[in-house]
Every structure is written in structure tokens, then in C-alpha cells.
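Content type PDB, N, CA and C atoms, from the file run.pdb:
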ATOM      1  N   MET A   1      14.278  17.010   7.294
ATOM      2  CA  MET A   1      13.276  17.901   6.753
ATOM      3  C   MET A   1      12.531  17.282   5.584
ATOM      4  N   THR A   2      13.185  16.430   4.845
ATOM      5  CA  THR A   2      12.511  15.852   3.685
ATOM      6  C   THR A   2      11.452  14.832   4.092
ATOM      7  N   ASN A   3      11.578  14.254   5.284
ATOM      8  CA  ASN A   3      10.599  13.260   5.729
ATOM      9  C   ASN A   3       9.314  13.895   6.250
ATOM     10  N   PHE A   4       9.369  15.146   6.663
ATOM     11  CA  PHE A   4       8.198  15.778   7.274
ATOM     12  C   PHE A   4       7.002  15.877   6.318
ATOM     13  N   PRO A   5       7.165  16.341   5.068
ATOM     14  CA  PRO A   5       6.006  16.386   4.165
ATOM     15  C   PRO A   5       5.429  15.009   3.875
ATOM     16  N   THR A   6       6.264  13.985   3.819
ATOM     17  CA  THR A   6       5.776  12.627   3.571
ATOM     18  C   THR A   6       4.902  12.162   4.728
ATOM     19  N   ILE A   7       5.318  12.438   5.957
ATOM     20  CA  ILE A   7       4.520  12.068   7.128
ATOM     21  C   ILE A   7       3.204  12.827   7.104
ATOM     22  N   ARG A   8       3.225  14.102   6.733
ATOM     23  CA  ARG A   8       2.009  14.908   6.658
ATOM     24  C   ARG A   8       1.029  14.342   5.641
ATOM     25  N   ILE A   9       1.530  13.907   4.501
ATOM     26  CA  ILE A   9       0.666  13.340   3.464
ATOM     27  C   ILE A   9       0.042  12.040   3.961
ATOM     28  N   ARG A  10       0.805  11.227   4.639
ATOM     29  CA  ARG A  10       0.269   9.968   5.154
ATOM     30  C   ARG A  10      -0.823  10.219   6.181
ATOM     31  N   ILE A  11      -0.630  11.199   7.054
ATOM     32  CA  ILE A  11      -1.650  11.522   8.047
ATOM     33  C   ILE A  11      -2.907  12.023   7.349
ATOM     34  N   ARG A  12      -2.738  12.848   6.329
ATOM     35  CA  ARG A  12      -3.896  13.348   5.596
ATOM     36  C   ARG A  12      -4.650  12.211   4.919
ATOM     37  N   ARG A  13      -3.941  11.252   4.368
ATOM     38  CA  ARG A  13      -4.603  10.114   3.732
ATOM     39  C   ARG A  13      -5.365   9.292   4.741
ATOM     40  N   LYS A  14      -4.776   9.068   5.906
ATOM     41  CA  LYS A  14      -5.463   8.304   6.943
ATOM     42  C   LYS A  14      -6.695   9.056   7.430
ATOM     43  N   LEU A  15      -6.543  10.366   7.616
ATOM     44  CA  LEU A  15      -7.681  11.168   8.057
ATOM     45  C   LEU A  15      -8.763  11.195   6.988
ATOM     46  N   TYR A  16      -8.367  11.304   5.720
ATOM     47  CA  TYR A  16      -9.321  11.295   4.616
ATOM     48  C   TYR A  16     -10.085   9.984   4.574
ATOM     49  N   ARG A  17      -9.388   8.881   4.739
ATOM     50  CA  ARG A  17     -10.059   7.575   4.740
ATOM     51  C   ARG A  17     -11.038   7.458   5.890
ATOM     52  N   LEU A  18     -10.659   7.953   7.066
ATOM     53  CA  LEU A  18     -11.533   7.894   8.228
ATOM     54  C   LEU A  18     -12.784   8.737   8.009
ATOM     55  N   ILE A  19     -12.614   9.948   7.526
ATOM     56  CA  ILE A  19     -13.754  10.831   7.270
ATOM     57  C   ILE A  19     -14.634  10.249   6.167
ATOM     58  N   PHE A  20     -14.028   9.758   5.093
ATOM     59  CA  PHE A  20     -14.783   9.181   3.990
ATOM     60  C   PHE A  20     -15.588   7.970   4.449
ATOM     61  N   THR A  21     -14.994   7.115   5.256
ATOM     62  CA  THR A  21     -15.692   5.940   5.760
ATOM     63  C   THR A  21     -16.860   6.344   6.649
ATOM     64  N   GLY A  22     -16.655   7.319   7.509
ATOM     65  CA  GLY A  22     -17.742   7.783   8.379
ATOM     66  C   GLY A  22     -18.891   8.402   7.604
ATOM     67  N   LEU A  23     -18.569   9.227   6.628
ATOM     68  CA  LEU A  23     -19.623   9.842   5.815
ATOM     69  C   LEU A  23     -20.389   8.810   5.001
ATOM     70  N   MET A  24     -19.689   7.846   4.442
ATOM     71  CA  MET A  24     -20.368   6.806   3.670
ATOM     72  C   MET A  24     -21.263   5.956   4.563
ATOM     73  N   ALA A  25     -20.829   5.676   5.769
ATOM     74  CA  ALA A  25     -21.645   4.904   6.701
ATOM     75  C   ALA A  25     -22.904   5.680   7.080
ATOM     76  N   MET A  26     -22.763   6.979   7.318
ATOM     77  CA  MET A  26     -23.938   7.794   7.659
ATOM     78  C   MET A  26     -24.901   7.893   6.487
ATOM     79  N   MET A  27     -24.369   8.064   5.275
ATOM     80  CA  MET A  27     -25.232   8.156   4.101
ATOM     81  C   MET A  27     -25.961   6.841   3.840
ATOM     82  N   MET A  28     -25.272   5.726   3.990
ATOM     83  CA  MET A  28     -25.919   4.426   3.783
ATOM     84  C   MET A  28     -26.976   4.178   4.843
ATOM     85  N   SER A  29     -26.714   4.581   6.068
ATOM     86  CA  SER A  29     -27.696   4.444   7.133
ATOM     87  C   SER A  29     -28.941   5.276   6.831
ATOM     88  N   LEU A  30     -28.737   6.496   6.344
ATOM     89  CA  LEU A  30     -29.855   7.357   5.987
ATOM     90  C   LEU A  30     -30.675   6.757   4.853
ATOM     91  N   ILE A  31     -30.011   6.256   3.836
ATOM     92  CA  ILE A  31     -30.706   5.677   2.691
ATOM     93  C   ILE A  31     -31.488   4.432   3.092
ATOM     94  N   ILE A  32     -30.881   3.542   3.848
ATOM     95  CA  ILE A  32     -31.538   2.309   4.247
ATOM     96  C   ILE A  32     -32.711   2.609   5.182
ATOM     97  N   SER A  33     -32.519   3.531   6.132
ATOM     98  CA  SER A  33     -33.608   3.889   7.034
ATOM     99  C   SER A  33     -34.776   4.511   6.282
ATOM    100  N   SER A  34     -34.478   5.378   5.320
ATOM    101  CA  SER A  34     -35.540   5.997   4.531
ATOM    102  C   SER A  34     -36.277   4.962   3.698
ATOM    103  N   ALA A  35     -35.552   4.051   3.096
ATOM    104  CA  ALA A  35     -36.185   3.013   2.286
ATOM    105  C   ALA A  35     -37.075   2.115   3.134
ATOM    106  N   LEU A  36     -36.599   1.739   4.310
ATOM    107  CA  LEU A  36     -37.414   0.896   5.188
ATOM    108  C   LEU A  36     -38.653   1.623   5.689
ATOM    109  N   LEU A  37     -38.511   2.918   5.976
ATOM    110  CA  LEU A  37     -39.689   3.695   6.379
ATOM    111  C   LEU A  37     -40.701   3.807   5.244
ATOM    112  N   LEU A  38     -40.207   4.005   4.032
ATOM    113  CA  LEU A  38     -41.109   4.076   2.888
ATOM    114  C   LEU A  38     -41.842   2.755   2.678
ATOM    115  N   VAL A  39     -41.181   1.636   2.899
ATOM    116  CA  VAL A  39     -41.817   0.333   2.742
ATOM    117  C   VAL A  39     -42.833   0.107   3.855
ATOM    118  N   LYS A  40     -42.463   0.447   5.073
ATOM    119  CA  LYS A  40     -43.320   0.171   6.227
ATOM    120  C   LYS A  40     -44.517   1.116   6.297
ATOM    121  N   VAL A  41     -44.279   2.421   6.193
ATOM    122  CA  VAL A  41     -45.321   3.422   6.399
ATOM    123  C   VAL A  41     -45.908   3.884   5.071
ATOM    124  N   GLY A  42     -45.079   3.955   4.054
ATOM    125  CA  GLY A  42     -45.510   4.513   2.782
ATOM    126  C   GLY A  42     -45.189   5.998   2.747
ATOM    127  N   TYR A  43     -45.384   6.590   1.564
ATOM    128  CA  TYR A  43     -45.072   8.010   1.425
ATOM    129  C   TYR A  43     -46.214   8.827   1.994
ATOM    130  N   VAL A  44     -45.917   9.694   2.940
ATOM    131  CA  VAL A  44     -46.914  10.585   3.540
ATOM    132  C   VAL A  44     -46.478  12.025   3.294
ATOM    133  N   ASP A  45     -47.395  12.956   3.460
ATOM    134  CA  ASP A  45     -47.054  14.372   3.286
ATOM    135  C   ASP A  45     -45.994  14.791   4.295
ATOM    136  N   GLY A  46     -44.993  15.485   3.846
ATOM    137  CA  GLY A  46     -43.938  15.976   4.726
ATOM    138  C   GLY A  46     -42.891  14.931   5.066
ATOM    139  N   PHE A  47     -42.764  13.879   4.275
ATOM    140  CA  PHE A  47     -41.785  12.814   4.565
ATOM    141  C   PHE A  47     -40.350  13.342   4.523
ATOM    142  N   LEU A  48     -40.052  14.211   3.574
ATOM    143  CA  LEU A  48     -38.693  14.710   3.428
ATOM    144  C   LEU A  48     -38.492  16.105   4.034
ATOM    145  N   GLN A  49     -39.463  16.644   4.719
ATOM    146  CA  GLN A  49     -39.355  18.008   5.228
ATOM    147  C   GLN A  49     -38.662  18.103   6.576
ATOM    148  N   ASN A  50     -38.596  17.070   7.357
ATOM    149  CA  ASN A  50     -37.914  17.124   8.649
ATOM    150  C   ASN A  50     -36.540  16.689   8.457
TER     151      ASN A  50
END

Reformat the file's structure so that it appears as C-alpha cells.
Amino acid sequence: MTNFPTIRIRIRRKLYRLIFTGLMAMMMSLIISSALLLVKVGYVDGFLQN
């Protein structure tokens, strides 16, 4: 019984790392794509509205 909470914590840490890595990858992709669009097209009306 004492090992069960330890296993649960390890699974949560692994899941947290996986979720954190995925979110950071999506955020970096969004930032880089937005920056490249701003360089290529420039700022136009409604750039951040969609």
C-alpha cells in the first residue's frame, strides 16, 4: 500500500511533463508562425481577430 501513492506521483509527473512539452511546442509554433507572418505580410487589420 505504501508504494501505490509513489507510483501515482510518478505517473502524474510524467503526464505533467508530456502536457507541458506539448503546450510549449504549440505556443512556440504559434509565436514563430505569427512572427513570420508579420515579417512577410506585415500588420493588417484583423490580424489577431481570427

Have a look at atom CA of A:Tyr43 and atom CA of A:Leu23 and let me know their distance in Å, one decimal.
25.9 Å

Quote the spacing between atom N of A:Leu36 and atom N of A:Gly22 in Å to one decimal place.
21.0 Å

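Coordinates place atom C of A:Phe47 at a distance of 11.4 Å from atom CA of A:Ala35.
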
Take stretch 7-31 of chain A, model N, CA, C and O atoms, and hand the result over as a PDB file, keeping the file's coordinate frame.
ATOM      1  N   ILE A   7       5.318  12.438   5.957  1.00  0.00           N
ATOM      2  CA  ILE A   7       4.520  12.068   7.128  1.00  0.00           C
ATOM      3  C   ILE A   7       3.204  12.827   7.104  1.00  0.00           C
ATOM      4  O   ILE A   7       2.148  12.269   7.395  1.00  0.00           O
ATOM      5  N   ARG A   8       3.225  14.102   6.733  1.00  0.00           N
ATOM      6  CA  ARG A   8       2.009  14.908   6.658  1.00  0.00           C
ATOM      7  C   ARG A   8       1.029  14.342   5.641  1.00  0.00           C
ATOM      8  O   ARG A   8      -0.153  14.282   5.889  1.00  0.00           O
ATOM      9  N   ILE A   9       1.530  13.907   4.501  1.00  0.00           N
ATOM     10  CA  ILE A   9       0.666  13.340   3.464  1.00  0.00           C
ATOM     11  C   ILE A   9       0.042  12.040   3.961  1.00  0.00           C
ATOM     12  O   ILE A   9      -1.130  11.791   3.739  1.00  0.00           O
ATOM     13  N   ARG A  10       0.805  11.227   4.639  1.00  0.00           N
ATOM     14  CA  ARG A  10       0.269   9.968   5.154  1.00  0.00           C
ATOM     15  C   ARG A  10      -0.823  10.219   6.181  1.00  0.00           C
ATOM     16  O   ARG A  10      -1.826   9.539   6.207  1.00  0.00           O
ATOM     17  N   ILE A  11      -0.630  11.199   7.054  1.00  0.00           N
ATOM     18  CA  ILE A  11      -1.650  11.522   8.047  1.00  0.00           C
ATOM     19  C   ILE A  11      -2.907  12.023   7.349  1.00  0.00           C
ATOM     20  O   ILE A  11      -4.016  11.644   7.707  1.00  0.00           O
ATOM     21  N   ARG A  12      -2.738  12.848   6.329  1.00  0.00           N
ATOM     22  CA  ARG A  12      -3.896  13.348   5.596  1.00  0.00           C
ATOM     23  C   ARG A  12      -4.650  12.211   4.919  1.00  0.00           C
ATOM     24  O   ARG A  12      -5.863  12.203   4.887  1.00  0.00           O
ATOM     25  N   ARG A  13      -3.941  11.252   4.368  1.00  0.00           N
ATOM     26  CA  ARG A  13      -4.603  10.114   3.732  1.00  0.00           C
ATOM     27  C   ARG A  13      -5.365   9.292   4.741  1.00  0.00           C
ATOM     28  O   ARG A  13      -6.479   8.854   4.487  1.00  0.00           O
ATOM     29  N   LYS A  14      -4.776   9.068   5.906  1.00  0.00           N
ATOM     30  CA  LYS A  14      -5.463   8.304   6.943  1.00  0.00           C
ATOM     31  C   LYS A  14      -6.695   9.056   7.430  1.00  0.00           C
ATOM     32  O   LYS A  14      -7.753   8.466   7.631  1.00  0.00           O
ATOM     33  N   LEU A  15      -6.543  10.366   7.616  1.00  0.00           N
ATOM     34  CA  LEU A  15      -7.681  11.168   8.057  1.00  0.00           C
ATOM     35  C   LEU A  15      -8.763  11.195   6.988  1.00  0.00           C
ATOM     36  O   LEU A  15      -9.942  11.091   7.284  1.00  0.00           O
ATOM     37  N   TYR A  16      -8.367  11.304   5.720  1.00  0.00           N
ATOM     38  CA  TYR A  16      -9.321  11.295   4.616  1.00  0.00           C
ATOM     39  C   TYR A  16     -10.085   9.984   4.574  1.00  0.00           C
ATOM     40  O   TYR A  16     -11.302   9.969   4.398  1.00  0.00           O
ATOM     41  N   ARG A  17      -9.388   8.881   4.739  1.00  0.00           N
ATOM     42  CA  ARG A  17     -10.059   7.575   4.740  1.00  0.00           C
ATOM     43  C   ARG A  17     -11.038   7.458   5.890  1.00  0.00           C
ATOM     44  O   ARG A  17     -12.132   6.932   5.729  1.00  0.00           O
ATOM     45  N   LEU A  18     -10.659   7.953   7.066  1.00  0.00           N
ATOM     46  CA  LEU A  18     -11.533   7.894   8.228  1.00  0.00           C
ATOM     47  C   LEU A  18     -12.784   8.737   8.009  1.00  0.00           C
ATOM     48  O   LEU A  18     -13.902   8.280   8.260  1.00  0.00           O
ATOM     49  N   ILE A  19     -12.614   9.948   7.526  1.00  0.00           N
ATOM     50  CA  ILE A  19     -13.754  10.831   7.270  1.00  0.00           C
ATOM     51  C   ILE A  19     -14.634  10.249   6.167  1.00  0.00           C
ATOM     52  O   ILE A  19     -15.863  10.239   6.277  1.00  0.00           O
ATOM     53  N   PHE A  20     -14.028   9.758   5.093  1.00  0.00           N
ATOM     54  CA  PHE A  20     -14.783   9.181   3.990  1.00  0.00           C
ATOM     55  C   PHE A  20     -15.588   7.970   4.449  1.00  0.00           C
ATOM     56  O   PHE A  20     -16.770   7.829   4.106  1.00  0.00           O
ATOM     57  N   THR A  21     -14.994   7.115   5.256  1.00  0.00           N
ATOM     58  CA  THR A  21     -15.692   5.940   5.760  1.00  0.00           C
ATOM     59  C   THR A  21     -16.860   6.344   6.649  1.00  0.00           C
ATOM     60  O   THR A  21     -17.952   5.779   6.541  1.00  0.00           O
ATOM     61  N   GLY A  22     -16.655   7.319   7.509  1.00  0.00           N
ATOM     62  CA  GLY A  22     -17.742   7.783   8.379  1.00  0.00           C
ATOM     63  C   GLY A  22     -18.891   8.402   7.604  1.00  0.00           C
ATOM     64  O   GLY A  22     -20.061   8.127   7.889  1.00  0.00           O
ATOM     65  N   LEU A  23     -18.569   9.227   6.628  1.00  0.00           N
ATOM     66  CA  LEU A  23     -19.623   9.842   5.815  1.00  0.00           C
ATOM     67  C   LEU A  23     -20.389   8.810   5.001  1.00  0.00           C
ATOM     68  O   LEU A  23     -21.613   8.883   4.883  1.00  0.00           O
ATOM     69  N   MET A  24     -19.689   7.846   4.442  1.00  0.00           N
ATOM     70  CA  MET A  24     -20.368   6.806   3.670  1.00  0.00           C
ATOM     71  C   MET A  24     -21.263   5.956   4.563  1.00  0.00           C
ATOM     72  O   MET A  24     -22.368   5.575   4.169  1.00  0.00           O
ATOM     73  N   ALA A  25     -20.829   5.676   5.769  1.00  0.00           N
ATOM     74  CA  ALA A  25     -21.645   4.904   6.701  1.00  0.00           C
ATOM     75  C   ALA A  25     -22.904   5.680   7.080  1.00  0.00           C
ATOM     76  O   ALA A  25     -24.003   5.100   7.140  1.00  0.00           O
ATOM     77  N   MET A  26     -22.763   6.979   7.318  1.00  0.00           N
ATOM     78  CA  MET A  26     -23.938   7.794   7.659  1.00  0.00           C
ATOM     79  C   MET A  26     -24.901   7.893   6.487  1.00  0.00           C
ATOM     80  O   MET A  26     -26.118   7.808   6.663  1.00  0.00           O
ATOM     81  N   MET A  27     -24.369   8.064   5.275  1.00  0.00           N
ATOM     82  CA  MET A  27     -25.232   8.156   4.101  1.00  0.00           C
ATOM     83  C   MET A  27     -25.961   6.841   3.840  1.00  0.00           C
ATOM     84  O   MET A  27     -27.156   6.836   3.527  1.00  0.00           O
ATOM     85  N   MET A  28     -25.272   5.726   3.990  1.00  0.00           N
ATOM     86  CA  MET A  28     -25.919   4.426   3.783  1.00  0.00           C
ATOM     87  C   MET A  28     -26.976   4.178   4.843  1.00  0.00           C
ATOM     88  O   MET A  28     -28.044   3.639   4.554  1.00  0.00           O
ATOM     89  N   SER A  29     -26.714   4.581   6.068  1.00  0.00           N
ATOM     90  CA  SER A  29     -27.696   4.444   7.133  1.00  0.00           C
ATOM     91  C   SER A  29     -28.941   5.276   6.831  1.00  0.00           C
ATOM     92  O   SER A  29     -30.071   4.815   7.015  1.00  0.00           O
ATOM     93  N   LEU A  30     -28.737   6.496   6.344  1.00  0.00           N
ATOM     94  CA  LEU A  30     -29.855   7.357   5.987  1.00  0.00           C
ATOM     95  C   LEU A  30     -30.675   6.757   4.853  1.00  0.00           C
ATOM     96  O   LEU A  30     -31.909   6.729   4.908  1.00  0.00           O
ATOM     97  N   ILE A  31     -30.011   6.256   3.836  1.00  0.00           N
ATOM     98  CA  ILE A  31     -30.706   5.677   2.691  1.00  0.00           C
ATOM     99  C   ILE A  31     -31.488   4.432   3.092  1.00  0.00           C
ATOM    100  O   ILE A  31     -32.662   4.268   2.731  1.00  0.00           O
TER     101      ILE A  31
END
